[in-house]
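Report on the following structure.
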Amino acid sequence: MARRKKSRCCEDEMENTSRLEKIVESLAQSMAKMQTNISNLAVTIENQNDSRPKGEVVFNKHYISLWRDLGGGNVFFCPGGSLHPVQFLDKIERLFRDAGVPDEAKVGLAINCLRQSAADWALNKEKNLASYDDFKRAFRERYWNAEHERALYYDIKYGEYTGGSRGDYLLKIAGLASYLSNSIDEGDLVTMIVDHFPTEIKRGVILNGIKRLDDLEKYLRVLDGSYEDERRRGGSRGNLRTPPGRNLGNQSNLQREGGGNQNREIRYLTSFNAEPEALLSESEEESKEENFKSPVFSGVISGQLVDILIDSGSQISAVSEEFVSQLKDKEILVPSLPISDMSVSAAVGGKKYRVKEQVLLSVTVESDGDNTQQFTFSNICVVVPKLNTPVLFGSDWLVASQVNLDFHKMVLSLPGAGFEIKIKFENKRDGVLALNFIAGQNVKRHTYTDSEFQQAVSKAENLNEVEKNSLYTLLRKYDVVFSETPGLIKGFEHTIKMKDKTPFFKRSYPIPVAYRNEVERQVKEMVAWNVIEPAQTEFVSPLVVVKKRDGSARICLDARMLNKRMENDHVLPPRPEELLMKFRKGQVLSTLDLTASYWQIEIKEDDRKYTGFLYDNETYVFKVLPFGLSTSVASLIKAVKEILGPQSEGFVSAYVDDLLINSDNFEEHLKHLEFVLQKFKERNVTVKLRKCMFVRSEVPYLGHIISGKVYGWILIAFVQYKNSQRQETYEI
């Protein structure tokens, strides 16, 4: 009985299992049929929206599912987004290929991937896009055209590393380079990227013979590792020394005051422009020992092994003129800047020698032992004639670089080197090698010759010989006023008042090839004239080259960022119409042109840091007013008004730096001229003789020509049209 019941239960269980299997199979078939219906419905909907003729409709569109499965629904492009235009095209084209998307469907899918303004652009363009090639061509023209590629190429060629991981920076630039249609040769790309980094890294790359991107990345990763180690210890930036005047901080670092690295800077070129008396010791005792021993260490400079003398008694570091000449003879590039008005003494047998140049030397030192390590650093040296040692590092280097000398162990330590450098002592029979600054005179001005003064007088109108001699005598009396070199106005300073003192950094624009030599010349000239000085600053604006009317170039500061943060000065020049109405019939006229007028106004020393700019991997600040500062005009107007005073208002018309002197007769005109020249002499103002006009009946002024006619004074204004000139005449 029990067996019979058990057998029946087994049969019921098997029957239930069979039924359940049939139900599952039926459900699976229903699900498959439903999925097919859904796919067919999607195809039907898309075909209904397809604008192509019925004969061209493709009903087998399973590529849509593949497109979505492969991630096509997650590919989006919007201007300024994380996906570069070239990356976007590469991605969707790979998806087209893998999903088997037919040509007629590519445009629609590509447009569906666009977002924001790109989607609006496509909406207007869609009717003109017959094929994907049309879309690709229009898309590149819009978002990655020749102008975009040219701008990227300039960034790659003239960019600058500003901080962070050097290895990551390299990969970023190399990745950007891959977007160029004309690929850059790997060796050329390495050279371009290396130029982004400071001189000491460039030297290391050259010394290691690095020519491949992979090798360069490994080298930079090594520097990054030492940088991180030093940063964790609170030290400087590892192997990377900050050369004089160079700012290596990134923009985020610029947003905070001070910083732990400030006391780690090597030294500033500005020490060469400081008051020499401040650098001189009160007394200098000369050693009378016949054999004077000095510490020496070995380093590689431009591929040459050199013994470098350490002299703590020397105020400056120096290099012999002979050693620099040897480097130049071998066509080795040595960064240099001119020096004005400086002499040194003592190390050259007690004689005084005028020095004219300073150079930036990159020195590589090595550790002893089997595991050789290298460390490269930079130091500025004055080029000294007849120096009795090739290279001398003085107290300026010892202090600024925080060098630790251990005479017991016979080693020196440099922060960031990671190893000790051996020193030795050598006998020096030339006595103490202390170099001292010798105070000098101001930069000599360009003076005009006698023939140039005579030529200026010869152009005067309606004068007899006696009157010409009187004019010549007057000009020669004040010949110190006439110079091609800008003066420095005494007793007047420009103050920069900041509303927002947050530091900023704006990279300089590429300098056109046609102007590079001229810009290089002008920068050196500006240093020599004390217009600018190398210095470190957290406020860096771009330089811009402006083409003047005569075709030459003028260096200006693109101070838009600075101007926004300054308090405005609302002093304005008088209206030209008001000035032009002052002139009367029969007057004698002369015009004076100030020499580089803005450069004659000194900026308050504490405010110069706001005028920084970057040139050739060095930062400079203006010591005088730059072209481009919004308050420069107001300051110049106030300076001229203060110098000439109210007594000149009746006979001097001043429109910023355009001065016109008008008098009723020649005798009165000489008195008026002498009044102005005397004021200029007292306040150290200079004027360009070759641009002045003396004793004329007709002169150009404010875009007009003021001319005396028999029937009265005439203003002749030249009105420029597209292809013609029209002369307008007004009688006063």
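Chain identifiers are assigned as A, B, and so on, following the order in which chains appear in the structure tokens; residues are numbered from 1 within each chain, and ligands are numbered from 1 in order of appearance.
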
Original post:
What are the DSSP strand (DSSP E) residues of stretch 531-703 of chain A, as number ranges by chain?
Top reply: A: 532-534, 539-541, 543-547, 553-557, 588-593, 602-603, 612-615, 618-622, 652-655, 658-663, 693-696, 698-701

Selected residues written out with N, CA and C atoms, as a short mmCIF file (atom, residue, chain, number, x, y, z; two decimals), in the first residue's frame:
```
data_model
loop_
_atom_site.label_atom_id
_atom_site.label_comp_id
_atom_site.auth_asym_id
_atom_site.auth_seq_id
_atom_site.Cartn_x
_atom_site.Cartn_y
_atom_site.Cartn_z
N ILE A 532 64.19 98.70 -17.56
CA ILE A 532 63.72 97.47 -16.93
C ILE A 532 64.87 96.85 -16.15
N GLU A 533 64.54 95.93 -15.29
CA GLU A 533 65.56 95.19 -14.56
C GLU A 533 65.07 93.76 -14.33
N PRO A 534 65.96 92.78 -14.42
CA PRO A 534 65.56 91.40 -14.11
C PRO A 534 65.19 91.30 -12.63
N PHE A 539 53.49 89.03 -10.48
CA PHE A 539 52.55 89.74 -11.35
C PHE A 539 53.17 89.80 -12.74
N VAL A 540 52.74 88.94 -13.64
CA VAL A 540 53.39 88.82 -14.95
C VAL A 540 52.36 89.04 -16.06
N SER A 541 52.59 90.10 -16.85
CA SER A 541 51.75 90.40 -18.01
C SER A 541 52.49 90.04 -19.29
N LEU A 543 54.13 90.52 -23.07
CA LEU A 543 54.69 91.57 -23.92
C LEU A 543 53.98 91.52 -25.26
N VAL A 544 53.82 92.67 -25.88
CA VAL A 544 53.23 92.71 -27.22
C VAL A 544 54.08 93.65 -28.06
N VAL A 545 54.32 93.27 -29.31
CA VAL A 545 55.12 94.08 -30.23
C VAL A 545 54.18 94.86 -31.13
N VAL A 546 54.31 96.18 -31.10
CA VAL A 546 53.44 97.06 -31.89
C VAL A 546 54.26 97.68 -33.01
N LYS A 547 53.72 97.63 -34.22
CA LYS A 547 54.40 98.22 -35.37
C LYS A 547 54.13 99.72 -35.40
N ALA A 553 59.55 98.52 -34.65
CA ALA A 553 58.75 97.83 -33.62
C ALA A 553 58.88 98.55 -32.29
N ARG A 554 57.80 98.54 -31.53
CA ARG A 554 57.81 99.09 -30.17
C ARG A 554 57.35 98.00 -29.21
N ILE A 555 58.08 97.82 -28.13
CA ILE A 555 57.71 96.83 -27.12
C ILE A 555 56.74 97.47 -26.14
N CYS A 556 55.58 96.87 -25.98
CA CYS A 556 54.58 97.38 -25.04
C CYS A 556 54.18 96.27 -24.07
N LEU A 557 53.67 96.69 -22.95
CA LEU A 557 53.16 95.75 -21.96
C LEU A 557 51.66 95.58 -22.18
N VAL A 588 55.32 132.83 -34.14
CA VAL A 588 56.48 131.98 -34.39
C VAL A 588 56.28 130.68 -33.61
N LEU A 589 56.54 129.55 -34.27
CA LEU A 589 56.22 128.25 -33.68
C LEU A 589 57.45 127.35 -33.58
N SER A 590 57.49 126.54 -32.51
CA SER A 590 58.49 125.48 -32.35
C SER A 590 57.82 124.29 -31.67
N THR A 591 58.26 123.09 -32.03
CA THR A 591 57.73 121.88 -31.38
C THR A 591 58.88 121.10 -30.75
N LEU A 592 58.60 120.48 -29.61
CA LEU A 592 59.57 119.66 -28.90
C LEU A 592 59.01 118.25 -28.74
N ASP A 593 59.86 117.27 -28.97
CA ASP A 593 59.45 115.86 -28.86
C ASP A 593 60.27 115.20 -27.75
N GLU A 602 59.83 107.71 -13.33
CA GLU A 602 60.19 106.57 -12.49
C GLU A 602 58.97 106.03 -11.75
N ILE A 603 58.90 104.71 -11.63
CA ILE A 603 57.85 104.07 -10.84
C ILE A 603 58.35 103.88 -9.42
N GLY A 612 55.59 93.26 -14.05
CA GLY A 612 56.43 92.17 -14.53
C GLY A 612 56.03 91.65 -15.91
N PHE A 613 57.01 91.12 -16.62
CA PHE A 613 56.76 90.43 -17.88
C PHE A 613 57.83 89.36 -18.07
N LEU A 614 57.56 88.43 -18.94
CA LEU A 614 58.46 87.30 -19.19
C LEU A 614 59.06 87.44 -20.58
N TYR A 615 60.39 87.34 -20.66
CA TYR A 615 61.05 87.36 -21.96
C TYR A 615 62.24 86.40 -21.92
N GLU A 618 63.10 84.67 -18.68
CA GLU A 618 63.48 85.50 -17.54
C GLU A 618 62.35 86.49 -17.26
N THR A 619 62.15 86.80 -15.98
CA THR A 619 61.14 87.79 -15.62
C THR A 619 61.83 89.13 -15.36
N TYR A 620 61.18 90.19 -15.84
CA TYR A 620 61.68 91.55 -15.68
C TYR A 620 60.55 92.41 -15.10
N VAL A 621 60.94 93.53 -14.50
CA VAL A 621 59.96 94.53 -14.09
C VAL A 621 60.40 95.88 -14.65
N PHE A 622 59.44 96.75 -14.87
CA PHE A 622 59.73 98.10 -15.34
C PHE A 622 60.12 98.99 -14.17
N VAL A 652 52.91 127.83 -24.08
CA VAL A 652 53.16 126.40 -24.30
C VAL A 652 51.84 125.65 -24.37
N SER A 653 51.65 124.92 -25.46
CA SER A 653 50.49 124.03 -25.59
C SER A 653 51.01 122.61 -25.43
N ALA A 654 50.54 121.92 -24.39
CA ALA A 654 51.02 120.57 -24.10
C ALA A 654 49.87 119.58 -24.22
N TYR A 655 50.00 118.68 -25.18
CA TYR A 655 49.04 117.59 -25.31
C TYR A 655 49.80 116.31 -25.03
N ASP A 658 53.34 116.01 -26.57
CA ASP A 658 53.49 116.88 -27.74
C ASP A 658 53.47 118.33 -27.28
N LEU A 659 54.62 118.99 -27.36
CA LEU A 659 54.73 120.38 -26.88
C LEU A 659 54.88 121.32 -28.06
N LEU A 660 54.11 122.39 -28.05
CA LEU A 660 54.21 123.43 -29.08
C LEU A 660 54.37 124.77 -28.39
N ILE A 661 55.42 125.50 -28.77
CA ILE A 661 55.69 126.82 -28.19
C ILE A 661 55.35 127.87 -29.24
N ASN A 662 54.50 128.82 -28.88
CA ASN A 662 54.11 129.87 -29.83
C ASN A 662 54.35 131.25 -29.22
N SER A 663 54.94 132.13 -30.03
CA SER A 663 55.27 133.49 -29.57
C SER A 663 54.93 134.48 -30.67
N MET A 693 61.30 120.88 -34.10
CA MET A 693 61.22 121.89 -35.16
C MET A 693 61.31 123.26 -34.48
N PHE A 694 62.27 124.08 -34.92
CA PHE A 694 62.50 125.37 -34.27
C PHE A 694 62.20 126.53 -35.23
N VAL A 695 61.49 127.50 -34.71
CA VAL A 695 61.22 128.76 -35.40
C VAL A 695 60.65 128.50 -36.80
N ARG A 696 59.42 128.04 -36.84
CA ARG A 696 58.75 127.76 -38.10
C ARG A 696 57.47 128.58 -38.19
N GLU A 698 55.05 127.12 -40.01
CA GLU A 698 54.09 126.04 -40.25
C GLU A 698 54.64 124.76 -39.62
N VAL A 699 53.83 124.15 -38.74
CA VAL A 699 54.26 122.92 -38.05
C VAL A 699 53.10 121.93 -37.97
N PRO A 700 53.39 120.64 -37.99
CA PRO A 700 52.34 119.64 -37.75
C PRO A 700 52.07 119.53 -36.25
N TYR A 701 50.80 119.42 -35.89
CA TYR A 701 50.45 119.33 -34.47
C TYR A 701 49.08 118.69 -34.33
#
```

Original post:
Any idea what's packed within 9 Å of A:Glu160, counting only C-alpha atoms, ignoring anything in its chain fewer than 6 positions away? Could you give it as a ChimeraX atom specification?
Top reply: /A:193,195-198,507,617

Can you spit out the residues from that selection as a compact mmCIF listing (two decimals), in the first residue's frame, using N, CA and C atoms?
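See part33.txt below for the written result:
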```txt
# COMPACT_ATOMS: atom_id res chain seq x y z
N ILE A 193 59.69 70.53 -26.78
CA ILE A 193 59.20 70.38 -25.40
C ILE A 193 60.29 70.72 -24.40
N ASP A 195 62.49 72.91 -24.67
CA ASP A 195 62.58 74.37 -24.60
C ASP A 195 61.56 74.97 -23.64
N HIS A 196 60.55 74.19 -23.23
CA HIS A 196 59.57 74.68 -22.26
C HIS A 196 60.16 74.76 -20.86
N PHE A 197 61.23 74.02 -20.63
CA PHE A 197 61.77 73.87 -19.28
C PHE A 197 62.94 74.82 -19.05
N PRO A 198 63.33 75.02 -17.78
CA PRO A 198 64.45 75.90 -17.45
C PRO A 198 65.77 75.39 -18.04
N ARG A 507 50.99 84.39 -20.00
CA ARG A 507 52.13 84.05 -20.85
C ARG A 507 52.26 85.01 -22.02
N ASN A 617 62.54 83.38 -21.07
CA ASN A 617 62.59 82.59 -19.84
C ASN A 617 63.13 83.36 -18.63
```

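Distances to A:Lys468 were evaluated for A:Lys641, A:Ala400, A:Val359, A:Leu670 using only C-alpha atoms, and the minimum falls at A:Leu670.
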
**OP:** Please give the complete set of residues from stretch 375-578 of chain A that DSSP, run on the backbone, assigns to alpha helix (DSSP H), formatted as a ChimeraX atom specification.
**Re:** /A:395-400,450-458,465-477,516-528,560-565,576-578

Create the file for the chosen residues now, containing C-alpha atoms and written as a PDB file, in the first residue's frame.
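What landed in out_21.pdb:
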```
ATOM      1  CA  SER A 395      79.550  85.034  -1.090  1.00  0.00           C
ATOM      2  CA  ASP A 396      76.500  85.879  -3.205  1.00  0.00           C
ATOM      3  CA  TRP A 397      76.329  82.227  -4.321  1.00  0.00           C
ATOM      4  CA  LEU A 398      77.150  80.838  -0.867  1.00  0.00           C
ATOM      5  CA  VAL A 399      74.335  82.803   0.773  1.00  0.00           C
ATOM      6  CA  ALA A 400      71.671  82.591  -1.928  1.00  0.00           C
ATOM      7  CA  ASP A 450      77.790 120.260 -33.718  1.00  0.00           C
ATOM      8  CA  SER A 451      76.713 119.623 -37.301  1.00  0.00           C
ATOM      9  CA  GLU A 452      73.407 118.160 -36.062  1.00  0.00           C
ATOM     10  CA  PHE A 453      72.684 121.334 -34.093  1.00  0.00           C
ATOM     11  CA  GLN A 454      73.601 123.448 -37.119  1.00  0.00           C
ATOM     12  CA  GLN A 455      71.282 121.378 -39.295  1.00  0.00           C
ATOM     13  CA  ALA A 456      68.405 121.937 -36.845  1.00  0.00           C
ATOM     14  CA  VAL A 457      69.041 125.690 -36.947  1.00  0.00           C
ATOM     15  CA  SER A 458      69.342 125.756 -40.747  1.00  0.00           C
ATOM     16  CA  GLU A 465      72.382 135.180 -39.823  1.00  0.00           C
ATOM     17  CA  VAL A 466      72.378 137.044 -36.496  1.00  0.00           C
ATOM     18  CA  GLU A 467      69.093 135.416 -35.460  1.00  0.00           C
ATOM     19  CA  LYS A 468      70.334 131.990 -36.536  1.00  0.00           C
ATOM     20  CA  ASN A 469      73.460 132.450 -34.404  1.00  0.00           C
ATOM     21  CA  SER A 470      71.273 133.418 -31.440  1.00  0.00           C
ATOM     22  CA  LEU A 471      69.171 130.273 -31.870  1.00  0.00           C
ATOM     23  CA  TYR A 472      72.280 128.095 -32.256  1.00  0.00           C
ATOM     24  CA  THR A 473      73.854 129.586 -29.121  1.00  0.00           C
ATOM     25  CA  LEU A 474      70.690 128.908 -27.131  1.00  0.00           C
ATOM     26  CA  LEU A 475      70.464 125.267 -28.221  1.00  0.00           C
ATOM     27  CA  ARG A 476      74.142 124.647 -27.481  1.00  0.00           C
ATOM     28  CA  LYS A 477      73.715 126.235 -24.059  1.00  0.00           C
ATOM     29  CA  ARG A 516      62.857  89.007 -33.051  1.00  0.00           C
ATOM     30  CA  ASN A 517      66.281  90.578 -33.587  1.00  0.00           C
ATOM     31  CA  GLU A 518      64.843  94.047 -33.021  1.00  0.00           C
ATOM     32  CA  VAL A 519      63.071  92.956 -29.829  1.00  0.00           C
ATOM     33  CA  GLU A 520      66.274  91.315 -28.570  1.00  0.00           C
ATOM     34  CA  ARG A 521      68.168  94.544 -29.226  1.00  0.00           C
ATOM     35  CA  GLN A 522      65.525  96.666 -27.518  1.00  0.00           C
ATOM     36  CA  VAL A 523      65.432  94.469 -24.406  1.00  0.00           C
ATOM     37  CA  LYS A 524      69.205  94.750 -24.002  1.00  0.00           C
ATOM     38  CA  GLU A 525      68.959  98.488 -24.569  1.00  0.00           C
ATOM     39  CA  MET A 526      66.176  98.802 -21.996  1.00  0.00           C
ATOM     40  CA  VAL A 527      68.319  97.017 -19.413  1.00  0.00           C
ATOM     41  CA  ALA A 528      71.271  99.281 -20.205  1.00  0.00           C
ATOM     42  CA  ARG A 560      44.956  94.580 -19.413  1.00  0.00           C
ATOM     43  CA  MET A 561      45.009  92.271 -16.397  1.00  0.00           C
ATOM     44  CA  LEU A 562      46.945  94.859 -14.377  1.00  0.00           C
ATOM     45  CA  ASN A 563      44.753  97.747 -15.556  1.00  0.00           C
ATOM     46  CA  LYS A 564      41.635  95.948 -14.320  1.00  0.00           C
ATOM     47  CA  ARG A 565      43.133  95.682 -10.847  1.00  0.00           C
ATOM     48  CA  PRO A 576      42.514 119.235 -29.293  1.00  0.00           C
ATOM     49  CA  GLU A 577      39.943 121.782 -30.511  1.00  0.00           C
ATOM     50  CA  GLU A 578      40.619 123.979 -27.487  1.00  0.00           C
TER      51      GLU A 578
END
```

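Restricting the calculation to only C-alpha atoms, the smallest distance between A:Glu668 and any of A:Phe375, A:Asp370, A:Leu171, A:Gln587 is found for A:Gln587.
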
Original post:
What's the 10 Å shell around A:Ile111, counting only C-alpha atoms, without same-chain residues fewer than 4 positions away, as a list in words?
Top reply: Phe76, Phe77, Lys106, Val107, Arg115, Ala118, Ala119, Asp120, Trp121, Ala122, Leu123, Glu126 and Phe135 of chain A

Any chance you could export the current selection's C-alpha atoms as a PDB file, in the first residue's frame?
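Output file selection.pdb follows:
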```pdb
ATOM      1  CA  PHE A  76      29.261  63.285 -26.664  1.00  0.00           C
ATOM      2  CA  PHE A  77      30.999  66.387 -28.003  1.00  0.00           C
ATOM      3  CA  LYS A 106      26.488  57.962 -40.068  1.00  0.00           C
ATOM      4  CA  VAL A 107      25.457  61.621 -40.306  1.00  0.00           C
ATOM      5  CA  ARG A 115      25.640  68.825 -27.414  1.00  0.00           C
ATOM      6  CA  ALA A 118      27.508  72.186 -31.358  1.00  0.00           C
ATOM      7  CA  ALA A 119      24.000  70.710 -31.569  1.00  0.00           C
ATOM      8  CA  ASP A 120      22.616  74.119 -32.584  1.00  0.00           C
ATOM      9  CA  TRP A 121      25.321  74.420 -35.224  1.00  0.00           C
ATOM     10  CA  ALA A 122      24.446  70.970 -36.614  1.00  0.00           C
ATOM     11  CA  LEU A 123      20.741  71.845 -36.709  1.00  0.00           C
ATOM     12  CA  GLU A 126      22.138  69.297 -41.362  1.00  0.00           C
ATOM     13  CA  PHE A 135      29.829  66.340 -41.896  1.00  0.00           C
TER      14      PHE A 135
END
```

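Shell of A:Phe425 at 12 Å, with only C-alpha atoms counted and residues fewer than 6 places along the chain excluded, is Asn291, Phe292, Lys293, Ser294, Pro295, Val296, Phe297, Ser298, Asp307, Ile308, Leu309, Ile310, Asp311, Phe407, Met410 and Val411 of chain A.
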
Write out as a compact mmCIF listing (two decimals) with C-alpha atoms, in the first residue's frame each polymer residue whose atoms come within 7 Å of A:Lys681, counting only C-alpha atoms; drop sequence neighbours fewer than 4 positions from it.
```txt
# COMPACT_ATOMS: atom_id res chain seq x y z
CA VAL A 481 68.66 118.44 -22.71
CA LEU A 677 64.78 124.22 -21.84
CA VAL A 685 64.08 115.85 -18.99
```
